[in-house]
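Trainee: Coordinates in model.cif, mmCIF, C-alpha atoms and all ligand atoms, are listed below.
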```cif
data_protein
#
loop_
_atom_site.label_atom_id
_atom_site.label_comp_id
_atom_site.auth_asym_id
_atom_site.auth_seq_id
_atom_site.Cartn_x
_atom_site.Cartn_y
_atom_site.Cartn_z
CA MET L 1 8.21 -9.43 18.25
CA ASP L 2 11.68 -10.92 17.71
CA HIS L 3 10.76 -14.25 19.27
CA LEU L 4 8.07 -14.72 16.58
CA LEU L 5 10.46 -14.19 13.69
CA THR L 6 12.74 -16.67 11.96
CA GLU L 7 16.42 -15.85 11.48
CA ASP L 8 15.72 -15.03 7.81
CA GLN L 9 12.88 -12.68 8.70
CA LYS L 10 15.03 -10.90 11.29
CA MET L 11 17.82 -10.54 8.73
CA VAL L 12 15.46 -8.97 6.18
CA ARG L 13 14.06 -6.61 8.81
CA ASP L 14 17.51 -5.54 9.99
CA THR L 15 18.74 -5.01 6.43
CA ILE L 16 15.82 -2.81 5.43
CA ARG L 17 15.84 -1.01 8.79
CA GLU L 18 19.46 -0.01 8.31
CA PHE L 19 18.90 1.00 4.68
CA ALA L 20 15.82 3.02 5.60
CA ALA L 21 17.54 4.86 8.45
CA ASP L 22 20.60 5.67 6.32
CA GLN L 23 19.06 6.39 2.95
CA ILE L 24 15.32 6.97 3.17
CA ALA L 25 14.60 8.84 6.42
CA PRO L 26 17.09 11.72 5.95
CA GLY L 27 15.35 13.19 2.86
CA ALA L 28 11.75 12.35 3.78
CA ALA L 29 10.75 15.78 5.12
CA ASP L 30 12.30 17.52 2.12
CA ARG L 31 10.57 15.25 -0.38
CA ASP L 32 7.28 15.84 1.46
CA GLU L 33 7.79 19.60 1.25
CA LYS L 34 8.69 19.49 -2.46
CA GLU L 35 6.18 16.74 -3.33
CA GLU L 36 9.13 14.88 -4.79
CA TYR L 37 8.85 11.28 -5.93
CA PRO L 38 11.60 9.10 -4.34
CA ALA L 39 12.89 7.77 -7.68
CA GLU L 40 16.50 7.08 -6.68
CA ILE L 41 15.45 5.31 -3.47
CA LEU L 42 13.02 3.10 -5.35
CA LYS L 43 15.74 2.16 -7.80
CA LYS L 44 17.93 1.02 -4.92
CA LEU L 45 15.03 -0.80 -3.26
CA GLY L 46 14.51 -2.63 -6.54
CA GLU L 47 18.16 -3.67 -6.60
CA LEU L 48 17.77 -5.01 -3.05
CA GLY L 49 14.82 -7.16 -4.13
CA PHE L 50 12.10 -5.21 -2.34
CA MET L 51 9.91 -4.57 -5.41
CA GLY L 52 8.88 -8.22 -5.48
CA VAL L 53 9.42 -9.47 -1.94
CA ASN L 54 7.07 -12.47 -2.23
CA THR L 55 7.64 -13.13 -5.92
CA PRO L 56 9.56 -16.36 -6.56
CA GLU L 57 13.20 -15.85 -7.52
CA ARG L 58 12.65 -17.44 -10.94
CA TYR L 59 10.30 -14.52 -11.68
CA GLY L 60 12.72 -11.83 -10.57
CA GLY L 61 11.60 -11.51 -6.95
CA ALA L 62 13.19 -12.17 -3.58
CA GLY L 63 11.13 -15.33 -2.90
CA MET L 64 10.42 -14.35 0.70
CA ASP L 65 7.28 -14.88 2.75
CA MET L 66 4.44 -12.49 3.61
CA VAL L 67 5.79 -11.80 7.11
CA SER L 68 9.03 -10.56 5.53
CA TYR L 69 6.96 -8.42 3.17
CA PHE L 70 5.10 -6.71 5.99
CA LEU L 71 8.37 -6.10 7.85
CA VAL L 72 9.77 -4.46 4.70
CA VAL L 73 6.79 -2.13 4.20
CA ASP L 74 6.74 -1.36 7.94
CA GLU L 75 10.42 -0.36 8.03
CA ILE L 76 10.28 1.66 4.80
CA SER L 77 7.15 3.51 5.97
CA ARG L 78 8.74 4.22 9.32
CA ALA L 79 11.27 6.24 7.33
CA ASP L 80 8.96 7.56 4.60
CA ALA L 81 5.33 6.59 4.11
CA SER L 82 5.41 7.82 0.51
CA ALA L 83 8.07 5.29 -0.44
CA GLY L 84 6.07 2.73 1.57
CA VAL L 85 2.96 3.02 -0.57
CA VAL L 86 4.89 2.74 -3.84
CA ILE L 87 6.48 -0.48 -2.58
CA SER L 88 3.14 -1.78 -1.33
CA VAL L 89 1.34 -1.12 -4.63
CA ASN L 90 4.05 -2.71 -6.77
CA ASN L 91 4.32 -5.78 -4.53
CA SER L 92 0.68 -6.36 -3.63
CA LEU L 93 -1.38 -4.97 -6.46
CA ILE L 94 0.98 -5.76 -9.32
CA CYS L 95 3.39 -8.63 -8.60
CA TYR L 96 0.95 -10.69 -6.53
CA PRO L 97 -1.90 -10.83 -9.10
CA LEU L 98 0.63 -11.34 -11.90
CA GLU L 99 2.11 -14.30 -10.05
CA LYS L 100 -1.34 -15.74 -9.38
CA PHE L 101 -3.19 -15.06 -12.62
CA ALA L 102 -0.75 -14.29 -15.46
CA THR L 103 0.19 -16.79 -18.16
CA GLU L 104 3.80 -17.94 -18.34
CA GLN L 105 4.36 -15.62 -21.29
CA GLN L 106 2.90 -12.66 -19.36
CA LYS L 107 5.06 -13.50 -16.34
CA GLN L 108 8.15 -13.34 -18.51
CA LYS L 109 7.10 -10.03 -20.01
CA TRP L 110 5.60 -8.19 -17.01
CA LEU L 111 6.29 -9.96 -13.72
CA ILE L 112 10.05 -10.39 -14.04
CA PRO L 113 10.71 -6.69 -14.74
CA ALA L 114 8.15 -5.58 -12.12
CA ALA L 115 9.52 -7.82 -9.36
CA SER L 116 13.15 -6.99 -10.12
CA GLY L 117 12.58 -3.23 -10.07
CA LYS L 118 13.14 -2.69 -13.79
CA MET L 119 9.53 -1.67 -14.41
CA LEU L 120 7.02 -0.09 -12.05
CA GLY L 121 3.32 -0.95 -12.04
CA ALA L 122 0.14 0.90 -11.06
CA PHE L 123 -3.32 -0.44 -10.35
CA CYS L 124 -6.25 1.26 -12.09
CA LEU L 125 -9.50 0.29 -10.40
CA THR L 126 -11.03 3.42 -8.84
CA GLU L 127 -13.16 5.76 -10.94
CA PRO L 128 -15.07 8.94 -10.15
CA ASP L 129 -18.25 6.86 -9.60
CA ALA L 130 -16.61 3.62 -8.49
CA GLY L 131 -14.78 4.07 -5.19
CA SER L 132 -16.14 1.81 -2.45
CA ASP L 133 -18.59 0.47 -5.03
CA ALA L 134 -15.68 -0.88 -7.03
CA ALA L 135 -17.81 -2.94 -9.42
CA ASN L 136 -19.66 0.09 -10.76
CA LEU L 137 -17.11 0.68 -13.52
CA LYS L 138 -17.83 2.97 -16.45
CA THR L 139 -14.53 2.19 -18.16
CA THR L 140 -15.26 -0.26 -20.95
CA ALA L 141 -13.18 -2.71 -22.94
CA ARG L 142 -14.81 -3.72 -26.22
CA ARG L 143 -13.52 -6.73 -28.10
CA ASP L 144 -12.54 -5.90 -31.67
CA GLY L 145 -10.94 -8.82 -33.50
CA ASP L 146 -7.72 -9.72 -31.72
CA ASP L 147 -7.76 -6.49 -29.69
CA TYR L 148 -9.76 -4.80 -26.98
CA VAL L 149 -10.53 -1.09 -27.23
CA ILE L 150 -10.55 0.63 -23.85
CA ASN L 151 -12.32 3.88 -22.99
CA GLY L 152 -12.78 5.55 -19.62
CA THR L 153 -11.23 7.52 -16.80
CA LYS L 154 -9.53 6.16 -13.70
CA SER L 155 -8.91 8.29 -10.63
CA PHE L 156 -6.44 8.35 -7.72
CA THR L 157 -3.98 6.05 -9.44
CA THR L 158 -0.96 5.64 -7.16
CA ASN L 159 2.22 5.58 -9.32
CA GLY L 160 0.03 6.84 -12.19
CA GLN L 161 2.68 9.11 -13.64
CA ASN L 162 5.74 7.02 -12.87
CA ALA L 163 4.48 3.54 -13.70
CA ASP L 164 5.63 1.78 -16.84
CA PHE L 165 2.38 -0.17 -17.06
CA TYR L 166 -1.01 -0.49 -15.44
CA ILE L 167 -3.21 -3.34 -14.36
CA LEU L 168 -6.50 -1.89 -15.49
CA LEU L 169 -9.98 -3.09 -14.58
CA ALA L 170 -12.67 -2.46 -17.18
CA SER L 171 -16.21 -3.57 -17.85
CA THR L 172 -16.55 -6.05 -20.71
CA ASP L 173 -20.21 -6.79 -19.94
CA LYS L 174 -22.03 -4.16 -17.92
CA ALA L 175 -25.12 -6.35 -17.34
CA ALA L 176 -23.01 -9.04 -15.66
CA THR L 177 -21.82 -6.53 -12.95
CA THR L 178 -18.95 -8.09 -10.95
CA LYS L 179 -18.74 -11.00 -13.41
CA GLY L 180 -18.49 -8.60 -16.33
CA ILE L 181 -15.19 -7.03 -15.26
CA THR L 182 -11.91 -7.93 -16.92
CA ALA L 183 -8.29 -7.10 -16.10
CA PHE L 184 -5.76 -5.86 -18.66
CA LEU L 185 -2.07 -5.09 -18.79
CA VAL L 186 -1.63 -1.68 -20.37
CA PRO L 187 1.74 -0.04 -21.09
CA ARG L 188 1.70 3.62 -20.08
CA ASP L 189 3.18 4.76 -23.38
CA LEU L 190 0.41 3.20 -25.48
CA GLU L 191 -1.44 5.60 -27.76
CA GLY L 192 -4.50 7.06 -26.02
CA VAL L 193 -3.22 6.54 -22.45
CA GLN L 194 -3.08 9.91 -20.73
CA PRO L 195 -1.95 10.16 -17.11
CA GLY L 196 -3.36 13.42 -15.70
CA LYS L 197 -2.14 16.05 -13.28
CA LYS L 198 -0.66 14.87 -9.99
CA GLU L 199 -3.13 15.32 -7.13
CA LYS L 200 -2.10 17.80 -4.43
CA LYS L 201 -2.49 15.67 -1.35
CA MET L 202 -2.61 16.24 2.39
CA GLY L 203 -0.06 13.50 3.12
CA ILE L 204 2.19 10.96 1.40
CA ARG L 205 3.11 13.89 -0.80
CA GLY L 206 6.19 12.15 -2.20
CA SER L 207 4.09 9.48 -3.91
CA ASP L 208 2.33 10.31 -7.12
CA CYS L 209 -1.36 9.88 -7.56
CA CYS L 210 -3.28 11.04 -10.61
CA PRO L 211 -6.20 10.30 -12.91
CA VAL L 212 -5.52 8.25 -16.04
CA VAL L 213 -7.65 8.71 -19.15
CA TYR L 214 -7.98 5.88 -21.67
CA ASP L 215 -9.08 7.20 -25.02
CA ASN L 216 -9.64 4.41 -27.56
CA VAL L 217 -6.66 2.50 -26.22
CA ARG L 218 -6.09 -0.66 -28.23
CA VAL L 219 -4.54 -3.62 -26.42
CA PRO L 220 -4.05 -7.10 -27.90
CA VAL L 221 -5.93 -10.05 -26.40
CA GLU L 222 -2.60 -11.35 -25.08
CA ASN L 223 -2.64 -8.39 -22.63
CA ARG L 224 -5.77 -9.66 -20.92
CA LEU L 225 -4.95 -10.84 -17.39
CA GLY L 226 -7.03 -13.90 -16.57
CA GLU L 227 -10.27 -14.83 -18.23
CA GLU L 228 -12.87 -12.37 -19.42
CA GLY L 229 -15.18 -11.65 -16.46
CA ASN L 230 -12.63 -12.67 -13.84
CA GLY L 231 -11.24 -9.16 -13.26
CA PHE L 232 -13.21 -8.33 -10.12
CA LYS L 233 -11.92 -11.43 -8.35
CA ILE L 234 -8.39 -10.59 -9.47
CA ALA L 235 -8.78 -7.08 -8.07
CA MET L 236 -10.21 -8.31 -4.76
CA THR L 237 -7.47 -10.94 -4.43
CA ALA L 238 -4.82 -8.28 -5.03
CA LEU L 239 -6.47 -6.01 -2.48
CA ASP L 240 -6.27 -8.70 0.22
CA SER L 241 -2.50 -8.51 -0.04
CA GLY L 242 -2.69 -4.73 -0.54
CA ARG L 243 -4.56 -4.28 2.71
CA VAL L 244 -1.80 -6.07 4.61
CA GLY L 245 0.66 -3.72 2.91
CA ILE L 246 -1.30 -0.62 3.93
CA ALA L 247 -1.67 -1.94 7.48
CA ALA L 248 2.13 -2.29 7.55
CA GLN L 249 2.48 1.23 6.17
CA ALA L 250 0.27 2.54 9.01
CA LEU L 251 2.30 0.55 11.52
CA GLY L 252 5.57 2.05 10.27
CA VAL L 253 4.21 5.60 10.53
CA ALA L 254 2.88 4.90 14.03
CA GLN L 255 6.21 3.45 15.17
CA ALA L 256 8.00 6.55 13.86
CA ALA L 257 5.56 8.81 15.72
CA LEU L 258 5.96 6.80 18.92
CA ASP L 259 9.78 6.91 18.65
CA ALA L 260 9.66 10.67 18.14
CA ALA L 261 7.25 11.17 21.06
CA LYS L 262 9.38 9.07 23.44
CA ALA L 263 12.55 10.95 22.51
CA TYR L 264 10.89 14.34 22.85
CA ALA L 265 9.23 13.47 26.16
CA LYS L 266 12.62 12.54 27.61
CA GLU L 267 14.31 15.74 26.47
CA ARG L 268 11.57 18.34 27.01
CA VAL L 269 11.74 19.92 30.45
CA GLN L 270 8.76 21.61 32.08
CA PHE L 271 8.19 22.40 35.76
CA GLY L 272 11.86 21.54 36.28
CA ARG L 273 11.76 17.96 35.01
CA PRO L 274 11.44 16.00 31.73
CA ILE L 275 7.80 15.67 30.74
CA SER L 276 8.33 11.88 30.49
CA SER L 277 8.31 11.87 34.31
CA PHE L 278 4.67 13.04 34.37
CA GLN L 279 2.07 10.34 34.55
CA ALA L 280 -0.13 12.14 32.00
CA ILE L 281 2.61 11.65 29.39
CA GLN L 282 3.55 8.16 30.61
CA PHE L 283 -0.03 6.94 30.19
CA LYS L 284 -0.17 8.32 26.68
CA LEU L 285 3.08 6.55 25.77
CA ALA L 286 1.90 3.32 27.39
CA ASP L 287 -1.31 3.35 25.35
CA MET L 288 0.61 4.14 22.18
CA GLU L 289 3.06 1.27 22.75
CA MET L 290 0.20 -1.13 23.39
CA LEU L 291 -1.73 -0.06 20.28
CA VAL L 292 1.33 -0.32 18.05
CA ASN L 293 2.06 -3.82 19.31
CA ALA L 294 -1.55 -4.96 19.05
CA SER L 295 -1.56 -3.78 15.47
CA ARG L 296 1.70 -5.59 14.73
CA MET L 297 0.13 -8.82 15.99
CA LEU L 298 -2.95 -8.47 13.78
CA ILE L 299 -0.76 -7.86 10.74
CA TYR L 300 1.36 -10.85 11.71
CA LEU L 301 -1.83 -12.94 11.94
CA ALA L 302 -2.93 -11.95 8.43
CA ALA L 303 0.56 -12.46 6.98
CA THR L 304 1.08 -15.88 8.57
CA LYS L 305 -2.35 -16.99 7.37
CA LYS L 306 -1.32 -16.14 3.82
CA ASP L 307 2.02 -17.88 4.37
CA HIS L 308 0.07 -21.01 5.32
CA GLY L 309 -1.79 -20.83 2.02
CA ALA L 310 -5.17 -20.04 3.61
CA ARG L 311 -7.62 -17.35 2.54
CA PHE L 312 -6.83 -14.23 4.57
CA THR L 313 -9.44 -11.73 3.39
CA THR L 314 -10.97 -11.15 6.85
CA GLU L 315 -7.62 -11.00 8.64
CA ALA L 316 -6.30 -8.52 6.07
CA ALA L 317 -9.38 -6.33 6.59
CA MET L 318 -8.97 -6.50 10.38
CA ALA L 319 -5.25 -5.72 10.16
CA LYS L 320 -5.88 -2.69 7.96
CA LEU L 321 -8.86 -1.41 9.92
CA PHE L 322 -7.08 -1.68 13.25
CA ALA L 323 -3.77 -0.28 12.00
CA SER L 324 -5.31 2.73 10.27
CA ASP L 325 -7.42 3.55 13.33
CA MET L 326 -4.38 3.02 15.56
CA VAL L 327 -2.06 5.25 13.50
CA MET L 328 -4.54 8.13 13.73
CA LYS L 329 -4.61 7.86 17.51
CA VAL L 330 -0.85 7.38 17.88
CA THR L 331 0.13 10.25 15.57
CA GLN L 332 -2.36 12.61 17.26
CA GLU L 333 -0.99 11.75 20.68
CA ALA L 334 2.59 12.07 19.44
CA LEU L 335 1.79 15.56 18.22
CA GLN L 336 0.05 16.40 21.50
CA ILE L 337 3.12 15.30 23.47
CA HIS L 338 5.21 17.66 21.34
CA GLY L 339 2.86 20.57 22.13
CA GLY L 340 3.38 23.73 20.05
CA VAL L 341 6.49 22.55 18.21
CA GLY L 342 4.62 19.45 17.07
CA TYR L 343 2.36 21.73 15.06
CA THR L 344 5.32 23.11 13.12
CA LYS L 345 7.39 21.61 10.34
CA GLU L 346 10.49 21.75 12.56
CA TYR L 347 9.46 18.33 13.86
CA PRO L 348 8.26 15.34 11.83
CA VAL L 349 5.10 14.54 13.81
CA GLU L 350 2.77 16.80 11.80
CA ARG L 351 3.89 14.90 8.67
CA PHE L 352 3.20 11.58 10.38
CA LEU L 353 -0.33 12.73 11.20
CA ARG L 354 -0.91 13.89 7.62
CA ASP L 355 0.54 10.65 6.21
CA ALA L 356 -1.61 8.55 8.54
CA LYS L 357 -5.02 9.73 7.34
CA VAL L 358 -4.96 8.11 3.91
CA THR L 359 -4.61 4.64 5.42
CA GLU L 360 -8.24 4.96 6.55
CA ILE L 361 -9.26 5.68 2.97
CA TYR L 362 -7.35 3.89 0.23
CA GLU L 363 -7.42 0.16 -0.60
CA GLY L 364 -10.89 0.12 0.96
CA THR L 365 -12.12 2.65 3.52
CA SER L 366 -12.48 1.67 7.17
CA GLU L 367 -16.23 1.35 6.54
CA ILE L 368 -15.56 -1.18 3.75
CA GLN L 369 -13.20 -3.15 6.01
CA ARG L 370 -15.96 -3.34 8.66
CA PHE L 371 -18.36 -4.52 5.96
CA VAL L 372 -15.91 -7.25 4.85
CA ILE L 373 -15.34 -8.42 8.45
CA ALA L 374 -19.03 -8.36 9.41
CA ARG L 375 -20.06 -10.24 6.28
CA SER L 376 -17.48 -12.93 6.92
CA ILE L 377 -18.46 -13.53 10.57
CA LEU L 378 -22.19 -13.52 9.81
CA LYS L 379 -22.20 -15.77 6.77
CA ASP L 380 -22.65 -19.11 8.59
N1 LIG L 401 -10.96 -12.62 -2.87
C1 LIG L 401 -11.48 -13.35 -3.88
N2 LIG L 401 -12.73 -13.15 -4.36
C2 LIG L 401 -13.46 -12.17 -3.80
C3 LIG L 401 -12.99 -11.37 -2.75
C4 LIG L 401 -11.67 -11.63 -2.27
N3 LIG L 401 -11.16 -10.93 -1.27
N4 LIG L 401 -13.94 -10.48 -2.40
C5 LIG L 401 -14.99 -10.69 -3.19
N5 LIG L 401 -14.70 -11.71 -4.04
C6 LIG L 401 -15.58 -12.31 -5.04
C7 LIG L 401 -16.86 -12.78 -4.38
O1 LIG L 401 -16.72 -14.08 -3.87
C8 LIG L 401 -17.83 -12.70 -5.52
O2 LIG L 401 -17.69 -13.86 -6.34
P1 LIG L 401 -18.95 -14.85 -6.62
O3 LIG L 401 -19.99 -13.96 -7.22
O4 LIG L 401 -18.39 -15.87 -7.54
O5 LIG L 401 -19.33 -15.37 -5.27
C9 LIG L 401 -17.36 -11.53 -6.35
O6 LIG L 401 -15.99 -11.33 -5.99
C10 LIG L 401 -18.13 -10.28 -6.08
O7 LIG L 401 -17.96 -9.95 -4.72
P2 LIG L 401 -19.00 -9.15 -3.87
O8 LIG L 401 -20.37 -9.72 -4.07
O9 LIG L 401 -18.47 -9.08 -2.49
O10 LIG L 401 -18.97 -7.70 -4.56
P3 LIG L 401 -19.52 -6.33 -4.05
O11 LIG L 401 -19.92 -5.53 -5.25
O12 LIG L 401 -20.53 -6.56 -2.96
O13 LIG L 401 -18.23 -5.58 -3.46
C11 LIG L 401 -16.72 -4.85 -1.75
C12 LIG L 401 -17.59 -5.95 -2.33
C13 LIG L 401 -15.98 -5.55 -0.62
C14 LIG L 401 -17.52 -3.69 -1.22
C15 LIG L 401 -15.71 -4.36 -2.82
O14 LIG L 401 -16.37 -3.62 -3.82
C16 LIG L 401 -14.59 -3.52 -2.23
O15 LIG L 401 -13.63 -4.07 -1.69
N6 LIG L 401 -14.72 -2.18 -2.33
C17 LIG L 401 -13.59 -1.31 -1.96
C18 LIG L 401 -12.75 -1.04 -3.16
C19 LIG L 401 -11.33 -0.77 -2.83
O16 LIG L 401 -10.73 -1.34 -1.91
N7 LIG L 401 -10.71 0.09 -3.63
C20 LIG L 401 -9.31 0.36 -3.50
C21 LIG L 401 -8.79 0.96 -4.75
S1 LIG L 401 -7.14 0.55 -5.10
C22 LIG L 401 -6.17 1.61 -4.20
O17 LIG L 401 -6.62 2.33 -3.35
C23 LIG L 401 -4.73 1.46 -4.50
C24 LIG L 401 -3.92 2.64 -4.24
O18 LIG L 401 -3.84 3.53 -5.03
C25 LIG L 401 -3.07 2.69 -3.03
#
```
Re-express the file's structure as structure tokens.
Mentor:
Amino acid sequence: MDHLLTEDQKMVRDTIREFAADQIAPGAADRDEKEEYPAEILKKLGELGFMGVNTPERYGGAGMDMVSYFLVVDEISRADASAGVVISVNNSLICYPLEKFATEQQKQKWLIPAASGKMLGAFCLTEPDAGSDAANLKTTARRDGDDYVINGTKSFTTNGQNADFYILLASTDKAATTKGITAFLVPRDLEGVQPGKKEKKMGIRGSDCCPVVYDNVRVPVENRLGEEGNGFKIAMTALDSGRVGIAAQALGVAQAALDAAKAYAKERVQFGRPISSFQAIQFKLADMEMLVNASRMLIYLAATKKDHGARFTTEAAMAKLFASDMVMKVTQEALQIHGGVGYTKEYPVERFLRDAKVTEIYEGTSEIQRFVIARSILKD
């Protein structure tokens, strides 16, 4: 897609591609095996400005556009999808809503450290009974003088154990449903905040994901993000950007699987010739190349729409839906091309397949993306 990119975008892509190949990819299999969080890598990514790619420079970020952001997540995920999701969450679900909805004082306190890699954020929306039905929150925030008192349990919080603070969504008025949800900034070390045990996951095993219990957690009113009752919109706005990030994560994993399949097909000899000379394999590779590129274009569409300042909810949903579907197909075919060795941990394709699956689930399942797209095209 070089001809669609500006010189700046190409430079960002080449920088992160080189960094990812040198410093992220080599340890990815080991971190997956040990379920090890890529702390050192994230520190370096922060220093390079990749924790707040879109955040303006005056707020600690790199001040780059959304296309650059998707290229960054794509290249990082191509090397290690676990590092990819940490970057995506901090950029999309933390820095983006802070930039859009925080007060100047909050930006100074939370956005600058988050975008410059000095603090890591996590996004606490999902609960045991509020997954796709994200508005059905049982976590409550009760106003008490100049504080709110928060009680509840969040589940599947990416970065839950490693984050310095959370953007937490809680119900301040149950009867008002979506208009009764409010967002808060909650430091992880506050009394009553208890991150739980790390989930043992099928894929992206290097990223941490855990429940977080809030037991009578007292936060001052100044930690409220946006107005009371505006939290659901803040969460949905953040998720628009998040879905582009996850689409880019899926794209990176798919590109890695395709690269591995091409290389293996050229080197593996059966019936006296490389398997890449058989049409059965060529057709698989052709389909994979086409799907990867189609996905890249849909992500580009969503990212450029955001860069033009337009609402990109539907395009983000399409980009994520297509990319997560695509990465499942591409990683399965990559494994099939590898045959028996693909099923072992000697080769990376089984990890790619395991890493791929979650992209159909988090930041809105594929079913939710279809719902978002259908609703938008039928509303007129
Ligand atoms: N941007 C701005 N506002 C939005 C919006 C968006 N993208 N989507 C909805 N809204 C607004 C609506 O306009 C509406 O406002 P009004 O009442 O003023 O018109 C309000 O929010 C309520 O919206 P809905 O009526 O659409 O609410 P709903 O209850 O029908 O839910 C839904 C819609 C799309 C199903 C939503 O619940 C959803 O996206 N569910 C999936 C949840 C999800 O993605 N969870 C991911 C968890 S985070 C995660 O996975 C991170 C991680 O760890 C990696």
Trainee: At a cut-off of 6 Å and counting all atoms listed in the file, what residues surround ligand LIG 401 (chain L)? Please answer as a ChimeraX atom specification.
Mentor: /L:125-126,131-135,157-158,178,232-233,236-237,240,313,362-364,368,372
Trainee: Up to 12 Å from (15.7, -8.2, 6.5) in the file's coordinates: name the residues, counting only C-alpha atoms, as number ranges by chain.
Mentor: L: 5-20, 48-50, 53, 62, 64-65, 67-76
Trainee: Find the distance between CA of Ile361 (chain L) and CA of Leu321 (chain L) and write it in Å to one decimal.
Mentor: 9.9 Å
Trainee: Would you kindly return, as a ChimeraX atom specification, each protein, DNA or RNA residue with an atom no farther than 10 Å from any atom of Met119 (chain L), considering all atoms listed in the file and excluding same-chain residues fewer than 2 positions away?
Mentor: /L:43,46,51,90,110-117,121,162-165
Trainee: Could you save the residues just selected, with C-alpha atoms, as a short mmCIF file (atom, residue, chain, number, x, y, z; two decimals), in the coordinates of the input?
Mentor:
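Below you can see out22.cif, which holds the result:
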```
data_model
loop_
_atom_site.label_atom_id
_atom_site.label_comp_id
_atom_site.auth_asym_id
_atom_site.auth_seq_id
_atom_site.Cartn_x
_atom_site.Cartn_y
_atom_site.Cartn_z
CA LYS L 43 15.74 2.16 -7.80
CA GLY L 46 14.51 -2.63 -6.54
CA MET L 51 9.91 -4.57 -5.41
CA ASN L 90 4.05 -2.71 -6.77
CA TRP L 110 5.60 -8.19 -17.01
CA LEU L 111 6.29 -9.96 -13.72
CA ILE L 112 10.05 -10.39 -14.04
CA PRO L 113 10.71 -6.69 -14.74
CA ALA L 114 8.15 -5.58 -12.12
CA ALA L 115 9.52 -7.82 -9.36
CA SER L 116 13.15 -6.99 -10.12
CA GLY L 117 12.58 -3.23 -10.07
CA GLY L 121 3.32 -0.95 -12.04
CA ASN L 162 5.74 7.02 -12.87
CA ALA L 163 4.48 3.54 -13.70
CA ASP L 164 5.63 1.78 -16.84
CA PHE L 165 2.38 -0.17 -17.06
#
```
Trainee: Just to confirm, what's the straight-line distance from CA of Glu315 (chain L) to CA of Val253 (chain L) in Å (one decimal)?
Mentor: 20.5 Å
Trainee: Dump as a tab-separated table the rows for residues of region 47-148 of chain L within 12 Å of region 341-352 of chain L: closest atom pair and distance in Å with one decimal, only C-alpha atoms counted, ordered by chain and rising residue number.
Mentor:
```
residue	atom	partner	partner_atom	distance
L:Ser77	CA	L:Phe352	CA	10.0
L:Arg78	CA	L:Phe352	CA	9.3
L:Ala79	CA	L:Phe352	CA	10.1
L:Asp80	CA	L:Phe352	CA	9.1
L:Ala81	CA	L:Phe352	CA	8.3
L:Ser82	CA	L:Phe352	CA	10.8
```
Trainee: Using the partial input, fill out region 269-280 of chain L with N, CA and C atoms; write the result as a compact mmCIF listing (two decimals), in the frame of the given file.
Mentor:
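result.txt, freshly written:
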```
# COMPACT_ATOMS: atom_id res chain seq x y z
N VAL L 269 11.84 19.66 29.01
CA VAL L 269 11.74 19.92 30.45
C VAL L 269 10.66 20.98 30.71
N GLN L 270 9.75 20.65 31.61
CA GLN L 270 8.76 21.61 32.08
C GLN L 270 8.61 21.41 33.59
N PHE L 271 8.31 22.46 34.28
CA PHE L 271 8.19 22.40 35.76
C PHE L 271 9.44 21.77 36.38
N GLY L 272 10.59 21.99 35.73
CA GLY L 272 11.86 21.54 36.28
C GLY L 272 12.19 20.08 36.06
N ARG L 273 11.40 19.37 35.27
CA ARG L 273 11.76 17.96 35.01
C ARG L 273 11.25 17.52 33.62
N PRO L 274 11.87 16.45 33.07
CA PRO L 274 11.44 16.00 31.73
C PRO L 274 9.94 15.62 31.77
N ILE L 275 9.25 15.95 30.71
CA ILE L 275 7.80 15.67 30.74
C ILE L 275 7.52 14.16 30.78
N SER L 276 8.52 13.33 30.40
CA SER L 276 8.33 11.88 30.49
C SER L 276 8.15 11.41 31.94
N SER L 277 8.47 12.28 32.91
CA SER L 277 8.31 11.87 34.31
C SER L 277 6.89 12.13 34.81
N PHE L 278 6.07 12.80 33.97
CA PHE L 278 4.67 13.04 34.37
C PHE L 278 3.79 11.87 33.94
N GLN L 279 2.92 11.51 34.85
CA GLN L 279 2.07 10.34 34.55
C GLN L 279 1.15 10.59 33.33
N ALA L 280 0.75 11.83 33.14
CA ALA L 280 -0.13 12.14 32.00
C ALA L 280 0.55 11.74 30.69
```
